[in-house]
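Peer 1: Dropping in input.cif, with mmCIF, C-alpha atoms, pLDDT in the B column; chains and numbers go by the auth columns.
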```
data_input
#
loop_
_atom_site.group_PDB
_atom_site.id
_atom_site.type_symbol
_atom_site.label_atom_id
_atom_site.label_comp_id
_atom_site.label_asym_id
_atom_site.label_seq_id
_atom_site.Cartn_x
_atom_site.Cartn_y
_atom_site.Cartn_z
_atom_site.B_iso_or_equiv
_atom_site.auth_seq_id
_atom_site.auth_asym_id
ATOM 1 C CA MET A 1 46.592 70.938 -91.609 77.00 1 A
ATOM 2 C CA SER A 2 45.592 69.929 -95.123 86.00 2 A
ATOM 3 C CA PHE A 3 42.870 71.700 -97.082 86.00 3 A
ATOM 4 C CA GLU A 4 40.566 68.679 -96.857 88.00 4 A
ATOM 5 C CA SER A 5 41.136 68.253 -93.104 90.00 5 A
ATOM 6 C CA GLU A 6 40.386 71.896 -92.442 90.00 6 A
ATOM 7 C CA LEU A 7 37.260 71.711 -94.609 89.00 7 A
ATOM 8 C CA LEU A 8 36.107 68.560 -92.809 91.00 8 A
ATOM 9 C CA ALA A 9 36.593 70.241 -89.420 92.00 9 A
ATOM 10 C CA LEU A 10 34.334 73.113 -90.566 91.00 10 A
ATOM 11 C CA LEU A 11 31.504 70.824 -91.670 92.00 11 A
ATOM 12 C CA PRO A 12 29.350 71.054 -88.495 92.00 12 A
ATOM 13 C CA ARG A 13 29.528 74.861 -88.548 93.00 13 A
ATOM 14 C CA LEU A 14 28.782 74.950 -92.280 92.00 14 A
ATOM 15 C CA ARG A 15 25.728 72.743 -91.779 92.00 15 A
ATOM 16 C CA ARG A 16 24.428 75.072 -89.025 91.00 16 A
ATOM 17 C CA PHE A 17 24.852 78.086 -91.291 91.00 17 A
ATOM 18 C CA ALA A 18 23.183 76.236 -94.164 91.00 18 A
ATOM 19 C CA HIS A 19 20.195 75.480 -91.903 90.00 19 A
ATOM 20 C CA ALA A 20 20.023 79.155 -90.939 89.00 20 A
ATOM 21 C CA LEU A 21 19.880 80.153 -94.602 89.00 21 A
ATOM 22 C CA ALA A 22 17.635 77.392 -95.946 88.00 22 A
ATOM 23 C CA ARG A 23 14.164 76.640 -94.691 80.00 23 A
ATOM 24 C CA SER A 24 14.358 72.861 -94.901 86.00 24 A
ATOM 25 C CA SER A 25 16.869 70.184 -94.013 89.00 25 A
ATOM 26 C CA ALA A 26 16.984 68.930 -97.584 91.00 26 A
ATOM 27 C CA ASP A 27 17.754 72.418 -98.918 91.00 27 A
ATOM 28 C CA ALA A 28 20.408 72.892 -96.223 91.00 28 A
ATOM 29 C CA ASP A 29 22.075 69.585 -97.124 92.00 29 A
ATOM 30 C CA ASP A 30 22.034 70.484 -100.823 93.00 30 A
ATOM 31 C CA LEU A 31 23.512 73.906 -100.033 92.00 31 A
ATOM 32 C CA CYS A 32 26.256 72.366 -97.926 93.00 32 A
ATOM 33 C CA GLN A 33 27.148 69.903 -100.679 93.00 33 A
ATOM 34 C CA ALA A 34 27.164 72.589 -103.375 93.00 34 A
ATOM 35 C CA SER A 35 29.369 74.840 -101.233 93.00 35 A
ATOM 36 C CA ILE A 36 31.899 72.097 -100.574 93.00 36 A
ATOM 37 C CA GLU A 37 31.989 71.226 -104.271 94.00 37 A
ATOM 38 C CA ARG A 38 32.637 74.871 -105.141 93.00 38 A
ATOM 39 C CA ALA A 39 35.372 75.094 -102.523 92.00 39 A
ATOM 40 C CA LEU A 40 37.107 71.972 -103.792 92.00 40 A
ATOM 41 C CA LYS A 41 37.021 73.289 -107.356 93.00 41 A
ATOM 42 C CA ALA A 42 38.298 76.719 -106.269 91.00 42 A
ATOM 43 C CA ARG A 43 40.846 75.575 -103.687 90.00 43 A
ATOM 44 C CA ASP A 44 43.679 77.231 -105.625 90.00 44 A
ATOM 45 C CA GLN A 45 41.875 80.577 -105.249 90.00 45 A
ATOM 46 C CA LEU A 46 42.137 80.518 -101.441 87.00 46 A
ATOM 47 C CA VAL A 47 44.656 83.253 -100.688 85.00 47 A
ATOM 48 C CA ALA A 48 47.318 82.353 -98.125 84.00 48 A
ATOM 49 C CA GLY A 49 46.487 83.948 -94.789 84.00 49 A
ATOM 50 C CA THR A 50 42.743 84.008 -95.473 84.00 50 A
ATOM 51 C CA ARG A 51 40.626 82.277 -92.857 90.00 51 A
ATOM 52 C CA MET A 52 39.102 79.108 -94.266 90.00 52 A
ATOM 53 C CA ASP A 53 35.856 79.587 -92.326 90.00 53 A
ATOM 54 C CA SER A 54 35.279 83.107 -93.657 91.00 54 A
ATOM 55 C CA TRP A 55 36.060 81.923 -97.187 92.00 55 A
ATOM 56 C CA MET A 56 33.634 78.998 -96.869 93.00 56 A
ATOM 57 C CA TYR A 57 30.825 81.131 -95.402 93.00 57 A
ATOM 58 C CA ARG A 58 31.161 83.525 -98.326 93.00 58 A
ATOM 59 C CA ILE A 59 31.039 80.612 -100.790 93.00 59 A
ATOM 60 C CA MET A 60 27.959 79.202 -99.039 93.00 60 A
ATOM 61 C CA ARG A 61 26.175 82.540 -98.951 92.00 61 A
ATOM 62 C CA ASN A 62 26.850 83.082 -102.666 92.00 62 A
ATOM 63 C CA ALA A 63 25.652 79.554 -103.449 92.00 63 A
ATOM 64 C CA TRP A 64 22.466 80.250 -101.485 91.00 64 A
ATOM 65 C CA ILE A 65 21.862 83.485 -103.379 90.00 65 A
ATOM 66 C CA ASP A 66 22.379 81.642 -106.683 89.00 66 A
ATOM 67 C CA THR A 67 19.973 78.889 -105.627 86.00 67 A
ATOM 68 C CA THR A 68 17.312 81.338 -104.485 84.00 68 A
ATOM 69 C CA ARG A 69 17.542 83.315 -107.710 84.00 69 A
ATOM 70 C CA ALA A 70 17.287 80.151 -109.800 80.00 70 A
ATOM 71 C CA ARG A 71 14.213 79.003 -107.881 74.00 71 A
ATOM 72 C CA THR A 72 12.578 82.377 -108.238 73.00 72 A
ATOM 73 C CA ARG A 73 13.142 82.304 -111.982 66.00 73 A
ATOM 74 C CA HIS A 74 11.648 78.846 -112.203 61.00 74 A
ATOM 75 C CA GLY A 75 8.639 79.722 -110.026 55.00 75 A
ATOM 76 C CA GLN A 76 9.475 77.205 -107.316 41.00 76 A
ATOM 77 C CA THR A 77 8.637 77.793 -103.662 44.00 77 A
ATOM 78 C CA PHE A 78 10.068 76.662 -100.351 43.00 78 A
ATOM 79 C CA VAL A 79 8.125 74.133 -98.364 45.00 79 A
ATOM 80 C CA ASP A 80 8.238 74.331 -94.551 49.00 80 A
ATOM 81 C CA GLN A 81 9.259 71.155 -92.831 55.00 81 A
ATOM 82 C CA GLU A 82 8.003 70.784 -89.279 61.00 82 A
ATOM 83 C CA ALA A 83 6.579 67.287 -89.196 50.00 83 A
ATOM 84 C CA GLY A 84 8.483 64.650 -87.313 49.00 84 A
ATOM 85 C CA MET A 85 10.646 66.961 -85.176 53.00 85 A
ATOM 86 C CA ALA A 86 9.859 65.040 -81.955 49.00 86 A
ATOM 87 C CA VAL A 87 9.209 61.548 -83.342 51.00 87 A
ATOM 88 C CA GLY A 88 10.462 58.828 -81.038 54.00 88 A
ATOM 89 C CA ASP A 89 11.128 61.098 -78.048 49.00 89 A
ATOM 90 C CA ALA A 90 9.870 59.696 -74.765 55.00 90 A
ATOM 91 C CA GLY A 91 11.367 61.975 -72.090 60.00 91 A
ATOM 92 C CA ASP A 92 9.503 65.093 -70.955 62.00 92 A
ATOM 93 C CA GLN A 93 12.632 67.253 -70.803 64.00 93 A
ATOM 94 C CA GLN A 94 13.732 66.054 -74.222 62.00 94 A
ATOM 95 C CA ILE A 95 10.316 66.852 -75.673 61.00 95 A
ATOM 96 C CA GLU A 96 10.311 70.308 -74.064 62.00 96 A
ATOM 97 C CA ALA A 97 13.789 70.981 -75.437 57.00 97 A
ATOM 98 C CA VAL A 98 12.697 69.930 -78.927 58.00 98 A
ATOM 99 C CA VAL A 99 9.599 72.154 -78.692 57.00 99 A
ATOM 100 C CA GLU A 100 11.690 75.136 -77.560 62.00 100 A
ATOM 101 C CA LEU A 101 14.259 74.497 -80.284 56.00 101 A
ATOM 102 C CA GLY A 102 11.407 74.353 -82.772 60.00 102 A
ATOM 103 C CA ASN A 103 10.117 77.699 -81.473 64.00 103 A
ATOM 104 C CA VAL A 104 13.553 79.257 -81.910 68.00 104 A
ATOM 105 C CA GLY A 105 13.908 77.722 -85.365 71.00 105 A
ATOM 106 C CA ARG A 106 10.497 79.006 -86.485 77.00 106 A
ATOM 107 C CA ALA A 107 11.262 82.437 -85.047 76.00 107 A
ATOM 108 C CA MET A 108 14.604 82.500 -86.899 80.00 108 A
ATOM 109 C CA GLN A 109 12.978 81.398 -90.154 81.00 109 A
ATOM 110 C CA SER A 110 10.354 84.131 -89.891 84.00 110 A
ATOM 111 C CA LEU A 111 13.040 86.824 -89.856 86.00 111 A
ATOM 112 C CA PRO A 112 14.030 88.578 -93.073 89.00 112 A
ATOM 113 C CA ALA A 113 17.043 86.929 -94.733 88.00 113 A
ATOM 114 C CA ASP A 114 19.447 89.775 -93.922 91.00 114 A
ATOM 115 C CA GLN A 115 18.626 89.615 -90.190 90.00 115 A
ATOM 116 C CA ARG A 116 18.718 85.807 -90.185 88.00 116 A
ATOM 117 C CA GLU A 117 22.188 85.794 -91.800 88.00 117 A
ATOM 118 C CA ALA A 118 23.547 88.357 -89.340 90.00 118 A
ATOM 119 C CA ILE A 119 22.197 86.481 -86.320 87.00 119 A
ATOM 120 C CA ALA A 120 23.458 83.140 -87.622 86.00 120 A
ATOM 121 C CA LEU A 121 26.982 84.463 -88.133 88.00 121 A
ATOM 122 C CA VAL A 122 27.337 86.530 -84.947 89.00 122 A
ATOM 123 C CA LEU A 123 25.122 84.842 -82.348 83.00 123 A
ATOM 124 C CA VAL A 124 25.219 81.235 -83.526 83.00 124 A
ATOM 125 C CA GLU A 125 28.645 80.936 -85.149 86.00 125 A
ATOM 126 C CA GLY A 126 30.396 83.458 -82.902 88.00 126 A
ATOM 127 C CA PHE A 127 31.996 85.630 -85.564 91.00 127 A
ATOM 128 C CA ALA A 128 33.132 89.097 -84.560 91.00 128 A
ATOM 129 C CA TYR A 129 31.040 91.918 -85.997 92.00 129 A
ATOM 130 C CA LYS A 130 33.844 92.942 -88.337 92.00 130 A
ATOM 131 C CA GLU A 131 34.278 89.401 -89.695 91.00 131 A
ATOM 132 C CA ALA A 132 30.534 88.915 -90.143 92.00 132 A
ATOM 133 C CA ALA A 133 30.263 92.251 -91.955 93.00 133 A
ATOM 134 C CA GLU A 134 33.078 91.165 -94.310 92.00 134 A
ATOM 135 C CA ILE A 135 31.426 87.793 -94.979 90.00 135 A
ATOM 136 C CA LEU A 136 28.125 89.511 -95.790 92.00 136 A
ATOM 137 C CA GLY A 137 29.813 92.308 -97.721 93.00 137 A
ATOM 138 C CA VAL A 138 28.134 95.088 -95.726 94.00 138 A
ATOM 139 C CA PRO A 139 29.397 97.954 -93.536 95.00 139 A
ATOM 140 C CA MET A 140 29.610 97.264 -89.788 93.00 140 A
ATOM 141 C CA GLY A 141 26.818 99.754 -89.079 94.00 141 A
ATOM 142 C CA THR A 142 24.501 97.830 -91.396 95.00 142 A
ATOM 143 C CA LEU A 143 25.391 94.560 -89.688 92.00 143 A
ATOM 144 C CA THR A 144 24.799 96.106 -86.261 94.00 144 A
ATOM 145 C CA SER A 145 21.378 97.441 -87.202 94.00 145 A
ATOM 146 C CA ARG A 146 20.397 94.049 -88.681 92.00 146 A
ATOM 147 C CA LEU A 147 21.446 92.364 -85.443 92.00 147 A
ATOM 148 C CA VAL A 148 19.492 94.826 -83.293 93.00 148 A
ATOM 149 C CA ARG A 149 16.337 94.456 -85.388 93.00 149 A
ATOM 150 C CA GLY A 150 16.754 90.678 -85.557 89.00 150 A
ATOM 151 C CA ARG A 151 17.261 90.292 -81.803 88.00 151 A
ATOM 152 C CA GLU A 152 14.231 92.454 -81.060 91.00 152 A
ATOM 153 C CA ALA A 153 12.089 90.476 -83.492 88.00 153 A
ATOM 154 C CA LEU A 154 13.277 87.178 -81.987 83.00 154 A
ATOM 155 C CA MET A 155 12.526 88.328 -78.444 85.00 155 A
ATOM 156 C CA ILE A 156 9.024 89.391 -79.493 87.00 156 A
ATOM 157 C CA LYS A 157 8.365 86.157 -81.393 82.00 157 A
ATOM 158 C CA LEU A 158 9.735 83.945 -78.618 80.00 158 A
ATOM 159 C CA GLY A 159 7.759 85.920 -76.031 82.00 159 A
ATOM 160 C CA GLU A 160 4.616 85.186 -78.031 67.00 160 A
ATOM 161 C CA ALA A 161 5.498 81.484 -78.206 52.00 161 A
ATOM 162 C CA ALA A 162 5.833 81.119 -74.428 50.00 162 A
#
```
What is this structure when it is put down as structure tokens?
Peer 2:
Amino acid sequence: MSFESELLALLPRLRRFAHALARSSADADDLCQASIERALKARDQLVAGTRMDSWMYRIMRNAWIDTTRARTRHGQTFVDQEAGMAVGDAGDQQIEAVVELGNVGRAMQSLPADQREAIALVLVEGFAYKEAAEILGVPMGTLTSRLVRGREALMIKLGEAA
């Protein structure tokens, strides 16, 4: 499989991870685009035998850190985007699903970044603990404790939303 084909196949997963990191769809789209641009420029740095998804998640996480630092330096803030999540929905089940998804999304966004990243990689993307720890550049014990704290916080927040 060619580099571009493999990158294209990863796009849905990259967008999910970008949404877990960013707090708005626009920021997530920008992050995804910046990450793909970086990957295309650095394609010759991908070591043979390295998993493309792990490499891309690391690029995206680093791009997010760079973006956040730049915004902090420039005094910009994130704006929450919640309006219009259920626009045009007519079915009761569809509306309930959108509301529940919104609750989960808000609960995820309220978590500290380190817990949100760990949960996104392990619970949403399905990475093994070891792989997620490598992507985040932390020991497995640190990843595990972030997951435990994040899960507990999510359960509490989602219990309050019900």
Peer 1: Any chance you could resolve the PyMOL selection byres ((chain A and resi 110) around 12) against this file and give the residues as a ChimeraX atom specification?
Peer 2: /A:20-23,80,103-109,111-116,150,153-154,156-158
Peer 1: Any chance you could resolve the PyMOL selection byres ((chain A and resi 59-72) around 10) against this file and give the residues as number ranges by chain?
Peer 2: A: 14-15, 17-18, 21-22, 27-28, 30-36, 38-39, 42, 53-58, 73-78, 117, 135-136
Peer 1: Restricted to C-alpha atoms, what would the selected residues look like written as an mmCIF file, keeping the file's coordinate frame?
Peer 2:
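Written file, part-v6.cif:
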```cif
data_model
loop_
_atom_site.group_PDB
_atom_site.id
_atom_site.type_symbol
_atom_site.label_atom_id
_atom_site.label_comp_id
_atom_site.auth_asym_id
_atom_site.auth_seq_id
_atom_site.Cartn_x
_atom_site.Cartn_y
_atom_site.Cartn_z
ATOM 1 C CA LEU A 14 28.782 74.950 -92.280
ATOM 2 C CA ARG A 15 25.728 72.743 -91.779
ATOM 3 C CA PHE A 17 24.852 78.086 -91.291
ATOM 4 C CA ALA A 18 23.183 76.236 -94.164
ATOM 5 C CA LEU A 21 19.880 80.153 -94.602
ATOM 6 C CA ALA A 22 17.635 77.392 -95.946
ATOM 7 C CA ASP A 27 17.754 72.418 -98.918
ATOM 8 C CA ALA A 28 20.408 72.892 -96.223
ATOM 9 C CA ASP A 30 22.034 70.484 -100.823
ATOM 10 C CA LEU A 31 23.512 73.906 -100.033
ATOM 11 C CA CYS A 32 26.256 72.366 -97.926
ATOM 12 C CA GLN A 33 27.148 69.903 -100.679
ATOM 13 C CA ALA A 34 27.164 72.589 -103.375
ATOM 14 C CA SER A 35 29.369 74.840 -101.233
ATOM 15 C CA ILE A 36 31.899 72.097 -100.574
ATOM 16 C CA ARG A 38 32.637 74.871 -105.141
ATOM 17 C CA ALA A 39 35.372 75.094 -102.523
ATOM 18 C CA ALA A 42 38.298 76.719 -106.269
ATOM 19 C CA ASP A 53 35.856 79.587 -92.326
ATOM 20 C CA SER A 54 35.279 83.107 -93.657
ATOM 21 C CA TRP A 55 36.060 81.923 -97.187
ATOM 22 C CA MET A 56 33.634 78.998 -96.869
ATOM 23 C CA TYR A 57 30.825 81.131 -95.402
ATOM 24 C CA ARG A 58 31.161 83.525 -98.326
ATOM 25 C CA ARG A 73 13.142 82.304 -111.982
ATOM 26 C CA HIS A 74 11.648 78.846 -112.203
ATOM 27 C CA GLY A 75 8.639 79.722 -110.026
ATOM 28 C CA GLN A 76 9.475 77.205 -107.316
ATOM 29 C CA THR A 77 8.637 77.793 -103.662
ATOM 30 C CA PHE A 78 10.068 76.662 -100.351
ATOM 31 C CA GLU A 117 22.188 85.794 -91.800
ATOM 32 C CA ILE A 135 31.426 87.793 -94.979
ATOM 33 C CA LEU A 136 28.125 89.511 -95.790
#
```
Peer 1: So, with only C-alpha atoms as the atoms that count, which of A:Pro139, A:Val124, A:Phe3, A:Val148 lies closest to Asp44 (chain A)?
Peer 2: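 The answer is A:Phe3, which sits nearest to Asp44 (chain A).
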Peer 1: One decimal, in Å: what's the spacing between CA of Ser145 (chain A) and CA of Tyr129 (chain A)?
Peer 2: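 Those two atoms sit 11.2 Å apart.
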Peer 1: Measure the distance from CA of Leu143 (chain A) to CA of Met52 (chain A) in Å and round it to one decimal.
Peer 2: 21.2 Å
Peer 1: Quick one: pull the distance between CA of Gly159 (chain A) and CA of Ala26 (chain A), Å, one decimal.
Peer 2: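 Straight-line distance from CA of Gly159 (chain A) to CA of Ala26 (chain A) works out to 29.0 Å.
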Peer 1: Quick one: of A:His19, A:Glu4, A:Arg51, A:Ala133, who's nearest to Glu37 (chain A), counting all atoms listed in the file?
Peer 2: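 When distances to Glu37 (chain A) are compared using all atoms listed in the file, the smallest one comes from A:Glu4.
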Peer 1: If the box runs along x, y and z of the file and leaves 8 Å on each side of region 58-72 of chain A, what are its centre and edge lengths in Å, one decimal, as lines of an AutoDock Vina configuration file?
Peer 2:
```
center_x = 21.9
center_y = 81.2
center_z = -104.1
size_x = 34.6
size_y = 20.6
size_z = 27.5
```
Peer 1: Here is a test: counting all atoms listed in the file, which residue of A:Ala48, A:Ser25, A:Gly137, A:Glu125 is nearest to Leu10 (chain A)?
Peer 2: A:Glu125
Peer 1: Find the residue from A:Asp29, A:Val47, A:Lys41, A:Ile119 that sits nearest to Glu152 (chain A); use all atoms listed in the file when measuring.
Peer 2: A:Ile119
